[in-house]
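Report on the following structure.
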Amino acid sequence: MAFSNLIIYLTVLFSLELFLVYDAASIQLKEEDHEWVFVKKPNDRDAWSPSLSSSSSSSNSGANSGSGHLEVRFNKPAENWTDALPIGNGRLGAMVWGEVASEVLNLNEDTLWTGIPGDYTDPEAPELLSVVRKLVDEGQYAEATTAATQLLGKPSEVYQLLGDVKIEFDDSHSKYDRESYHRVLDLDTATVTVKYSVDEVEYTREHFVSNPDQAIVVKISGNKPGCINFTVSLDSKLHHHSYVKGKNQIVMQGSCPGKRIAPKSIEEDDNPKGIQFSAVLDLEISNNLGALRVLDDKKLQVEGCDSAIIVLVASSSFDGPFTNPSDSQRDPVSEAFGTLNSVKRFSYSELHTRHVNDYQNLFHRVSLQLSKSTKSFVGNGCNLTDKCLNGSSKQPISTADRVKAFKTDEDPSLVELLFQYGRYLLISCSRPGTQASNLQGIWNKDIEPAWDGAPHLNINLQMNYWPALPCNLKECQEPLFDYISSLSVNGHKTAEINYGASGWVAHQVSDIWAKTSPDRGKPVWALWQMGGAWLCTHLWEHYTYTMDKDFLRNKAYPLLEGCVAFLLNWLIEGHEGYLETNPSTSPEHIFIAPDGTPASVSNSTTMDMSIIREVFSAIISAAEVLDKSEDDLIERVRKAQRRLYPTKIARDGTIMEWARDFKDPAVHHRHLSHLFGLFPGHTITLEKTPDLCRAAENTLYKRGEDGPGWSTTWKTALWARLRNSEIAYRMVKHLFNLVDPEHQTKPESGLYSNLFGSHPPFQIDANFGFSAAVAEMLVQSTMQDIHLLPALPGDKWDSGCIKGLKARGGVTVSLCWSEGDLDEVGLWSEAHNTTKRLHYRGTTVTVKLSSGIVYTFNKQLKCVKSHSLFRDFP
């Protein structure tokens, strides 16, 4: 009997191990009767609930305790692109304008770019490099800057759009009841709904993009029989043609330019074959009631039906960054129809359910509720977190009006909304198997978008993924790692030919072809060899959050090795005996040389050296995990690490941005490159480098609070790292500035009416940076430590709960507070036993966490209870 029980016990342990590996349903043994039952793993936000009355109260007081408050709301159709609402599944995206008489859905597919694979090398660069280095050594910085222009290369290629779905309704819709209109993005279901009334008919349109079924789906319906009448067509600004296939499908085929020029100026003979694409629109009407006709062989017309379902699928010939489109074997048309045939197996309700279940598996991992002791009011005395009135008995207040009111009411629920909106956008534009999120995520309306819509490696691409780990969306980082792998291939050639170095390098801007050479233009932005190195810090960070040793061994470490090999070759000995970088720039910022001339090229900028320190530290730590500490490469890193040019403090008490204390002609510059070591890096800390932290604080004061949205969110995170809750919150407030897209003249922090971040124009990194910064205000971690509420603005967010955040070391953190003081915290580790130091307001305790056990600690950081993570949850 004992042997039988042992077998059962071992079987249970094995099944739990499978649970941990596959994140699927686990098998649990009921002790009382030895009966097997299936138990679903609880979502991270639901695995822990506060037990103290104050915690329970605070958790229920948050404005988004129900899903209804996680909405981006409009009470009128879009007038500008930044009024439209974004939906996406990582690969396919759409912007929903919600116009009444004539609706437009702007479409994107993430592989549509101009160009073909390029040659990212310059055989003449080594000789030119010697000239630049000599000029820098001689202190001739302006001359070095001029000479460095010869090291620059060609521009990146350009992100393109797919096209538009155009839906034209009958004339009666122009007489809709404006007070009945609303257009809402529900973050809980990733669905946009448009509703309005015409006479006694209420019309509804629902829009979502399914990841499991790879389709954009639209349902158009009314509450009266036979009330749906419209025509639908496909169009694109790119070279294309469309036609009707059968009785209910429209096929659009087109191509991206094979060169970086606008399609209107393309001559076919001059242009290499670019990426080909296809979109297929399928239209079904309810129960075959009403009529469905073909118009002009390009449009479909619906008359007199109860409802209609539009399904759009798309594909391209892109077959990876190293395959020329002319050599691609992919057939976009057949692939699109293959996807469509799969989609048509399901009803609309099934498609929506599959979409919501897939999306909520990610989105529901984290919840945030914030409230303050006194409720906020608008001018008419209505609580903004309720469905209050805006001069109307029917319409709740729009999100844009809430942003306008934030300067005075400081509504915490709007902070919750923007935090979760960043998570929504990341889920919607970066999924396993897609392209990495670009400058605009995946949402673009132009054939010549601002800054080419390209990923910029001197802040944008990295900031896009800052929230992935702390905000519990680790899967969304997979496209980034695939992209780094592609960069390493081209970057190896660039390193070898341009710089005579081993390993791999990537510069400031790239594209879908994994461009690694310097950009065109000016050295101040284009000549920067640290883009790939900064990206490599994300590889180690992924391990520190997930403790995924296979990822570290098979994916991260080989890329780190190549990056480090380049850095070791790139570093040269300077006059002071330190290892330095030369030439070196601080991203996008110039200085005044000692002779009074502006320049940008010098040696050993603080940004360069901070990134190198971070990468060297990462590979040494990774080598310890993988038992590679005795490798020759690691020994070389250790020796070099001790000789790196140090971070210095300027005469005015700030962090020096350059190796010399140059005059700064733009002290309020948008970039904060020289503070990389504070955030996102880890080499400047309150515990280990207090002098540098004081200098970093002075630097932030000197930089000021103005700047574009992404700069504002970076400042928020930096102040949070310094645990200055007052200024961190001030930067949060600074972002809630409603930007008019028709009157934007200079970089300013703010949000458009659809909550997209403004540079201006739109850049998505501000949205992602905001979510990461808020997480940093509430929880900070190292591999050994977890700091609770380190930058909580207690007077602004008096009570609240955050559930499901991730901390380094593979730990999940949930906590609640009231009256600005911690109530309870829940901690657990799914896959391994671990020991952590908890810190809260001067109290530090060491806690041991056993795998699969959820622990609850009170405000004194004493464990008050525990339970199994694998218990049965309703």
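Letters for chains follow the order of the structure tokens (A, B, ...), residue numbers begin at 1 for each chain, and ligand numbers begin at 1 in the order shown.
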
May I have a table of the residues of range 395-487 of chain A lying at most 10 Å from range 796-819 of chain A, giving each one's closest pair of atoms and their distance in Å to one decimal, counting only C-alpha atoms, ordered by chain and ascending residue number, as JSON lines?
{"residue": "A:Glu410", "atom": "CA", "partner": "A:Lys796", "partner_atom": "CA", "distance": 7.9}
{"residue": "A:Asp411", "atom": "CA", "partner": "A:Lys796", "partner_atom": "CA", "distance": 9.1}
{"residue": "A:Pro412", "atom": "CA", "partner": "A:Trp797", "partner_atom": "CA", "distance": 6.8}
{"residue": "A:Ser413", "atom": "CA", "partner": "A:Trp797", "partner_atom": "CA", "distance": 9.9}
{"residue": "A:Val415", "atom": "CA", "partner": "A:Trp797", "partner_atom": "CA", "distance": 9.9}
{"residue": "A:Ala468", "atom": "CA", "partner": "A:Lys806", "partner_atom": "CA", "distance": 9.6}
{"residue": "A:Leu469", "atom": "CA", "partner": "A:Lys806", "partner_atom": "CA", "distance": 6.6}
{"residue": "A:Pro470", "atom": "CA", "partner": "A:Lys806", "partner_atom": "CA", "distance": 4.6}
{"residue": "A:Cys471", "atom": "CA", "partner": "A:Leu805", "partner_atom": "CA", "distance": 5.4}
{"residue": "A:Asn472", "atom": "CA", "partner": "A:Lys806", "partner_atom": "CA", "distance": 5.8}
{"residue": "A:Leu473", "atom": "CA", "partner": "A:Lys806", "partner_atom": "CA", "distance": 9.3}
{"residue": "A:Lys474", "atom": "CA", "partner": "A:Lys806", "partner_atom": "CA", "distance": 9.7}

**Request:** Please give the complete set of residues from range 403-512 of chain A that DSSP, run on the backbone, assigns to helix (DSSP H, G or I), formatted as a PyMOL selection string.
**Result:** chain A and resi 403-409+412-429+450-453+460-464+474-499

**Item:** Atom pair CA of Thr585 in chain A / CA of Glu748 in chain A: separation (Å)
**Value:** 24.3 Å

**Message:** Which of range 411-552 of chain A end up as strand (DSSP E or B) when DSSP is run on this backbone - answer as a PyMOL selection string?
**Reply:** chain A and resi 438+441+456+509

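Shell of range 572-577 of chain A at 10 Å, with only C-alpha atoms counted and residues fewer than 4 places along the chain excluded, is Asp137, Leu567, Leu568, Thr581, Asn582, Asn603, Ser604, Arg643, Leu644 and Tyr645 of chain A.
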
**Message:** Quick one: residues within 7 Å of range 781-794 of chain A, only C-alpha atoms, excluding same-chain residues fewer than 5 positions away - as a PyMOL selection string?
**Reply:** chain A and resi 544+720+723-726+729+807-809+820+836-840

Quick one: write out the picked residues with all heavy atoms as a short mmCIF file (atom, residue, chain, number, x, y, z; two decimals), in the first residue's frame?
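What ended up in result.cif:
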data_model
loop_
_atom_site.label_atom_id
_atom_site.label_comp_id
_atom_site.auth_asym_id
_atom_site.auth_seq_id
_atom_site.Cartn_x
_atom_site.Cartn_y
_atom_site.Cartn_z
N THR A 544 16.28 37.03 -16.55
CA THR A 544 16.14 37.38 -15.14
C THR A 544 14.69 37.37 -14.69
O THR A 544 14.40 37.09 -13.52
CB THR A 544 16.74 38.78 -14.84
OG1 THR A 544 16.00 39.78 -15.53
CG2 THR A 544 18.21 38.83 -15.24
N ALA A 720 11.20 57.43 -10.90
CA ALA A 720 10.76 56.29 -10.09
C ALA A 720 11.94 55.51 -9.55
O ALA A 720 11.95 55.10 -8.38
CB ALA A 720 9.85 55.38 -10.92
N ARG A 723 13.21 56.88 -6.69
CA ARG A 723 12.17 56.79 -5.65
C ARG A 723 11.65 58.15 -5.23
O ARG A 723 11.35 58.39 -4.06
CB ARG A 723 12.69 55.97 -4.46
CG ARG A 723 13.03 54.54 -4.90
CD ARG A 723 13.67 53.70 -3.85
NE ARG A 723 14.35 52.57 -4.52
CZ ARG A 723 15.35 51.87 -3.99
NH1 ARG A 723 15.77 52.16 -2.78
NH2 ARG A 723 15.91 50.90 -4.66
N ASN A 724 11.55 59.00 -6.22
CA ASN A 724 10.97 60.32 -6.02
C ASN A 724 9.55 60.29 -6.57
O ASN A 724 9.31 60.51 -7.75
CB ASN A 724 11.81 61.39 -6.73
CG ASN A 724 11.36 62.80 -6.38
OD1 ASN A 724 10.17 63.09 -6.27
ND2 ASN A 724 12.34 63.69 -6.18
N SER A 725 8.61 59.97 -5.69
CA SER A 725 7.23 59.78 -6.13
C SER A 725 6.60 61.08 -6.59
O SER A 725 5.77 61.09 -7.51
CB SER A 725 6.41 59.17 -5.00
OG SER A 725 6.41 60.01 -3.85
N GLU A 726 6.98 62.20 -5.97
CA GLU A 726 6.37 63.48 -6.30
C GLU A 726 6.63 63.86 -7.75
O GLU A 726 5.71 64.20 -8.50
CB GLU A 726 6.90 64.57 -5.37
CG GLU A 726 6.32 65.94 -5.68
CD GLU A 726 6.91 67.04 -4.81
OE1 GLU A 726 7.70 66.72 -3.89
OE2 GLU A 726 6.60 68.22 -5.06
N TYR A 729 5.21 61.35 -10.37
CA TYR A 729 3.80 61.59 -10.63
C TYR A 729 3.61 62.85 -11.47
O TYR A 729 2.73 62.92 -12.33
CB TYR A 729 3.01 61.73 -9.33
CG TYR A 729 1.56 62.03 -9.60
CD1 TYR A 729 0.68 61.03 -10.01
CD2 TYR A 729 1.08 63.34 -9.51
CE1 TYR A 729 -0.64 61.31 -10.30
CE2 TYR A 729 -0.24 63.63 -9.80
CZ TYR A 729 -1.09 62.60 -10.20
OH TYR A 729 -2.40 62.89 -10.50
N ALA A 807 8.39 40.26 -11.18
CA ALA A 807 9.66 40.75 -10.65
C ALA A 807 10.77 39.83 -11.11
O ALA A 807 10.53 38.66 -11.45
CB ALA A 807 9.61 40.81 -9.12
N ARG A 808 11.98 40.35 -11.11
CA ARG A 808 13.13 39.53 -11.51
C ARG A 808 13.29 38.36 -10.55
O ARG A 808 12.97 38.45 -9.37
CB ARG A 808 14.40 40.39 -11.56
CG ARG A 808 14.36 41.42 -12.68
CD ARG A 808 15.54 42.37 -12.62
NE ARG A 808 15.50 43.33 -13.73
CZ ARG A 808 14.81 44.47 -13.72
NH1 ARG A 808 14.11 44.81 -12.64
NH2 ARG A 808 14.83 45.26 -14.78
N GLY A 809 13.80 37.26 -11.09
CA GLY A 809 13.90 36.05 -10.30
C GLY A 809 12.71 35.13 -10.47
O GLY A 809 12.57 34.14 -9.75
N GLY A 820 -2.31 55.48 1.45
CA GLY A 820 -0.92 55.63 1.06
C GLY A 820 0.04 54.67 1.72
O GLY A 820 1.26 54.83 1.59
N LYS A 836 14.21 35.87 -1.50
CA LYS A 836 14.18 37.29 -1.87
C LYS A 836 14.27 38.16 -0.62
O LYS A 836 13.83 37.77 0.47
CB LYS A 836 12.88 37.64 -2.61
CG LYS A 836 12.74 36.95 -3.96
CD LYS A 836 13.74 37.49 -4.96
CE LYS A 836 13.66 36.76 -6.29
NZ LYS A 836 14.74 37.16 -7.20
N ARG A 837 14.82 39.35 -0.82
CA ARG A 837 14.76 40.38 0.22
C ARG A 837 13.64 41.35 -0.14
O ARG A 837 13.66 41.96 -1.22
CB ARG A 837 16.09 41.13 0.33
CG ARG A 837 17.21 40.31 0.90
CD ARG A 837 18.43 41.19 1.21
NE ARG A 837 18.98 41.82 0.02
CZ ARG A 837 20.02 41.35 -0.66
NH1 ARG A 837 20.62 40.22 -0.27
NH2 ARG A 837 20.47 41.99 -1.73
N LEU A 838 12.68 41.50 0.76
CA LEU A 838 11.59 42.44 0.57
C LEU A 838 11.93 43.75 1.26
O LEU A 838 12.42 43.76 2.40
CB LEU A 838 10.28 41.91 1.13
CG LEU A 838 9.69 40.64 0.52
CD1 LEU A 838 8.34 40.34 1.15
CD2 LEU A 838 9.56 40.75 -0.98
N HIS A 839 11.66 44.86 0.56
CA HIS A 839 11.95 46.19 1.11
C HIS A 839 10.70 47.04 1.08
O HIS A 839 10.02 47.12 0.06
CB HIS A 839 13.03 46.89 0.29
CG HIS A 839 14.31 46.12 0.16
ND1 HIS A 839 15.37 46.28 1.02
CD2 HIS A 839 14.70 45.17 -0.73
CE1 HIS A 839 16.37 45.48 0.66
NE2 HIS A 839 15.98 44.79 -0.41
N TYR A 840 10.40 47.66 2.21
CA TYR A 840 9.30 48.62 2.25
C TYR A 840 9.56 49.65 3.34
O TYR A 840 9.64 49.32 4.53
CB TYR A 840 7.95 47.92 2.51
CG TYR A 840 6.81 48.90 2.60
CD1 TYR A 840 6.40 49.63 1.48
CD2 TYR A 840 6.15 49.11 3.81
CE1 TYR A 840 5.36 50.54 1.57
CE2 TYR A 840 5.10 50.02 3.90
CZ TYR A 840 4.72 50.74 2.77
OH TYR A 840 3.69 51.67 2.86
#

**Message:** For a quick check of understanding, using only C-alpha atoms, which of A:Asn698, A:Ser316, A:Ser210, A:Ser673 has the smallest distance to Thr189 in chain A?
**Reply:** A:Ser210

**Request:** For Gly290 in chain A, work out the shell of residues within 10 Å, counting only C-alpha atoms and skipping chain neighbours fewer than 5 positions away, then give it as a PyMOL selection string.
**Result:** chain A and resi 225-229+285+302-307

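CA of Ala308 in chain A to CA of Asn754 in chain A spans 27.0 Å [interatomic distance, one decimal].
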
**Request:** Can you pull out every residue within 12 Å of Trp714 in chain A, counting only C-alpha atoms, but drop anything in the same chain fewer than 6 positions away, and send it as number ranges by chain?
**Result:** A: 459-460, 462-464, 466, 670-673, 675-676, 678-680, 700, 705-708, 720-721, 728, 731-732, 735, 749, 765-774, 776

List as a tab-separated table every residue of range 334-453 of chain A that is in contact with range 182-185 of chain A, defined as an atom at most 12 Å from one of its atoms (using only C-alpha atoms), together with the nearest atom pair and the distance in Å rounded to one decimal, sorted by chain and then rising number.
residue	atom	partner	partner_atom	distance
A:Lys394	CA	A:His182	CA	10.0
A:Gln395	CA	A:His182	CA	7.7
A:Pro396	CA	A:His182	CA	8.9
A:Ile397	CA	A:His182	CA	10.3
A:Ser398	CA	A:His182	CA	9.0
A:Thr399	CA	A:Val184	CA	9.6
A:Leu417	CA	A:Leu185	CA	11.3
A:Tyr421	CA	A:Leu185	CA	10.0
A:Tyr424	CA	A:Leu185	CA	10.5
A:Leu425	CA	A:Leu185	CA	11.7

Quick one: write out the picked residues with N, CA and C atoms as a compact mmCIF listing (two decimals), in the first residue's frame?
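Output file again00.txt is given in full below:
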# COMPACT_ATOMS: atom_id res chain seq x y z
N LYS A 394 -27.75 61.24 -22.56
CA LYS A 394 -27.49 59.93 -23.14
C LYS A 394 -26.01 59.56 -23.16
N GLN A 395 -25.12 60.53 -23.31
CA GLN A 395 -23.74 60.21 -23.63
C GLN A 395 -22.81 60.29 -22.42
N PRO A 396 -22.10 59.20 -22.12
CA PRO A 396 -21.02 59.28 -21.14
C PRO A 396 -19.92 60.18 -21.67
N ILE A 397 -19.09 60.66 -20.79
CA ILE A 397 -18.03 61.58 -21.20
C ILE A 397 -17.01 60.85 -22.06
N SER A 398 -16.49 61.51 -23.06
CA SER A 398 -15.52 60.90 -23.96
C SER A 398 -14.16 60.82 -23.28
N THR A 399 -13.31 59.93 -23.77
CA THR A 399 -11.96 59.80 -23.22
C THR A 399 -11.17 61.08 -23.45
N LEU A 417 -6.41 53.32 -17.12
CA LEU A 417 -6.76 53.09 -18.52
C LEU A 417 -5.54 53.18 -19.42
N TYR A 421 -3.90 50.34 -21.57
CA TYR A 421 -3.89 50.60 -23.01
C TYR A 421 -2.53 50.24 -23.60
N TYR A 424 -2.52 46.58 -23.92
CA TYR A 424 -3.38 46.22 -25.05
C TYR A 424 -2.65 46.40 -26.38
N LEU A 425 -1.97 47.54 -26.53
CA LEU A 425 -1.29 47.82 -27.79
C LEU A 425 -0.16 46.84 -28.04

**Asked** Could you name the residues that touch Phe322 in chain A at 10 Å or less, counting only C-alpha atoms, but leaving out those on the same chain fewer than 3 positions away, as a ChimeraX atom specification?
**Response** /A:116-118,318-319,325,486,489-490,512-514

For the residues in that selection, give me N, CA and C atoms as a PDB file, in the first residue's frame.
ATOM      1  N   ILE A 116      14.290  45.622 -50.891  1.00  0.00           N
ATOM      2  CA  ILE A 116      14.747  44.237 -50.963  1.00  0.00           C
ATOM      3  C   ILE A 116      15.957  44.112 -50.020  1.00  0.00           C
ATOM      4  N   PRO A 117      16.420  42.899 -49.747  1.00  0.00           N
ATOM      5  CA  PRO A 117      17.616  42.780 -48.902  1.00  0.00           C
ATOM      6  C   PRO A 117      18.770  43.596 -49.467  1.00  0.00           C
ATOM      7  N   GLY A 118      19.535  44.231 -48.582  1.00  0.00           N
ATOM      8  CA  GLY A 118      20.595  45.122 -49.031  1.00  0.00           C
ATOM      9  C   GLY A 118      21.979  44.656 -48.601  1.00  0.00           C
ATOM     10  N   PHE A 318       6.597  38.124 -48.356  1.00  0.00           N
ATOM     11  CA  PHE A 318       7.800  38.261 -47.533  1.00  0.00           C
ATOM     12  C   PHE A 318       8.163  36.907 -46.945  1.00  0.00           C
ATOM     13  N   ASP A 319       9.403  36.509 -47.182  1.00  0.00           N
ATOM     14  CA  ASP A 319       9.852  35.183 -46.747  1.00  0.00           C
ATOM     15  C   ASP A 319      11.124  35.294 -45.912  1.00  0.00           C
ATOM     16  N   PRO A 325      12.362  39.379 -52.632  1.00  0.00           N
ATOM     17  CA  PRO A 325      10.974  39.120 -53.043  1.00  0.00           C
ATOM     18  C   PRO A 325      10.867  38.421 -54.390  1.00  0.00           C
ATOM     19  N   SER A 486      18.157  38.152 -36.624  1.00  0.00           N
ATOM     20  CA  SER A 486      18.371  38.594 -38.004  1.00  0.00           C
ATOM     21  C   SER A 486      19.420  39.702 -38.071  1.00  0.00           C
ATOM     22  N   VAL A 489      22.996  38.470 -38.092  1.00  0.00           N
ATOM     23  CA  VAL A 489      23.516  37.919 -39.347  1.00  0.00           C
ATOM     24  C   VAL A 489      24.103  39.036 -40.208  1.00  0.00           C
ATOM     25  N   ASN A 490      23.287  40.057 -40.481  1.00  0.00           N
ATOM     26  CA  ASN A 490      23.802  41.186 -41.265  1.00  0.00           C
ATOM     27  C   ASN A 490      24.866  41.957 -40.500  1.00  0.00           C
ATOM     28  N   ILE A 512      12.717  46.075 -42.016  1.00  0.00           N
ATOM     29  CA  ILE A 512      12.345  44.661 -42.065  1.00  0.00           C
ATOM     30  C   ILE A 512      13.455  43.787 -42.646  1.00  0.00           C
ATOM     31  N   TRP A 513      14.394  44.400 -43.370  1.00  0.00           N
ATOM     32  CA  TRP A 513      15.497  43.648 -43.970  1.00  0.00           C
ATOM     33  C   TRP A 513      16.684  43.544 -43.016  1.00  0.00           C
ATOM     34  N   ALA A 514      16.489  43.943 -41.778  1.00  0.00           N
ATOM     35  CA  ALA A 514      17.522  43.852 -40.740  1.00  0.00           C
ATOM     36  C   ALA A 514      18.768  44.644 -41.116  1.00  0.00           C
TER      37      ALA A 514
END

**Item:** d(CA of Asn211 in chain A, CA of His355 in chain A) in Å
**Value:** 6.4 Å

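If you measure from each of A:Lys76, A:His832, A:Lys344, A:Arg365 to Val100 in chain A using only C-alpha atoms, the closest one turns out to be A:Lys76.
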
**Request:** Using only C-alpha atoms, find the one residue out of A:Asp282, A:Asp188, A:Glu496, A:Glu143 that sits nearest to Asn569 in chain A.
**Result:** A:Glu496

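Proximity of A:Lys859, A:Val158, A:Thr121, A:Val217 to Ile261 in chain A, computed with only C-alpha atoms, is greatest for A:Val158.
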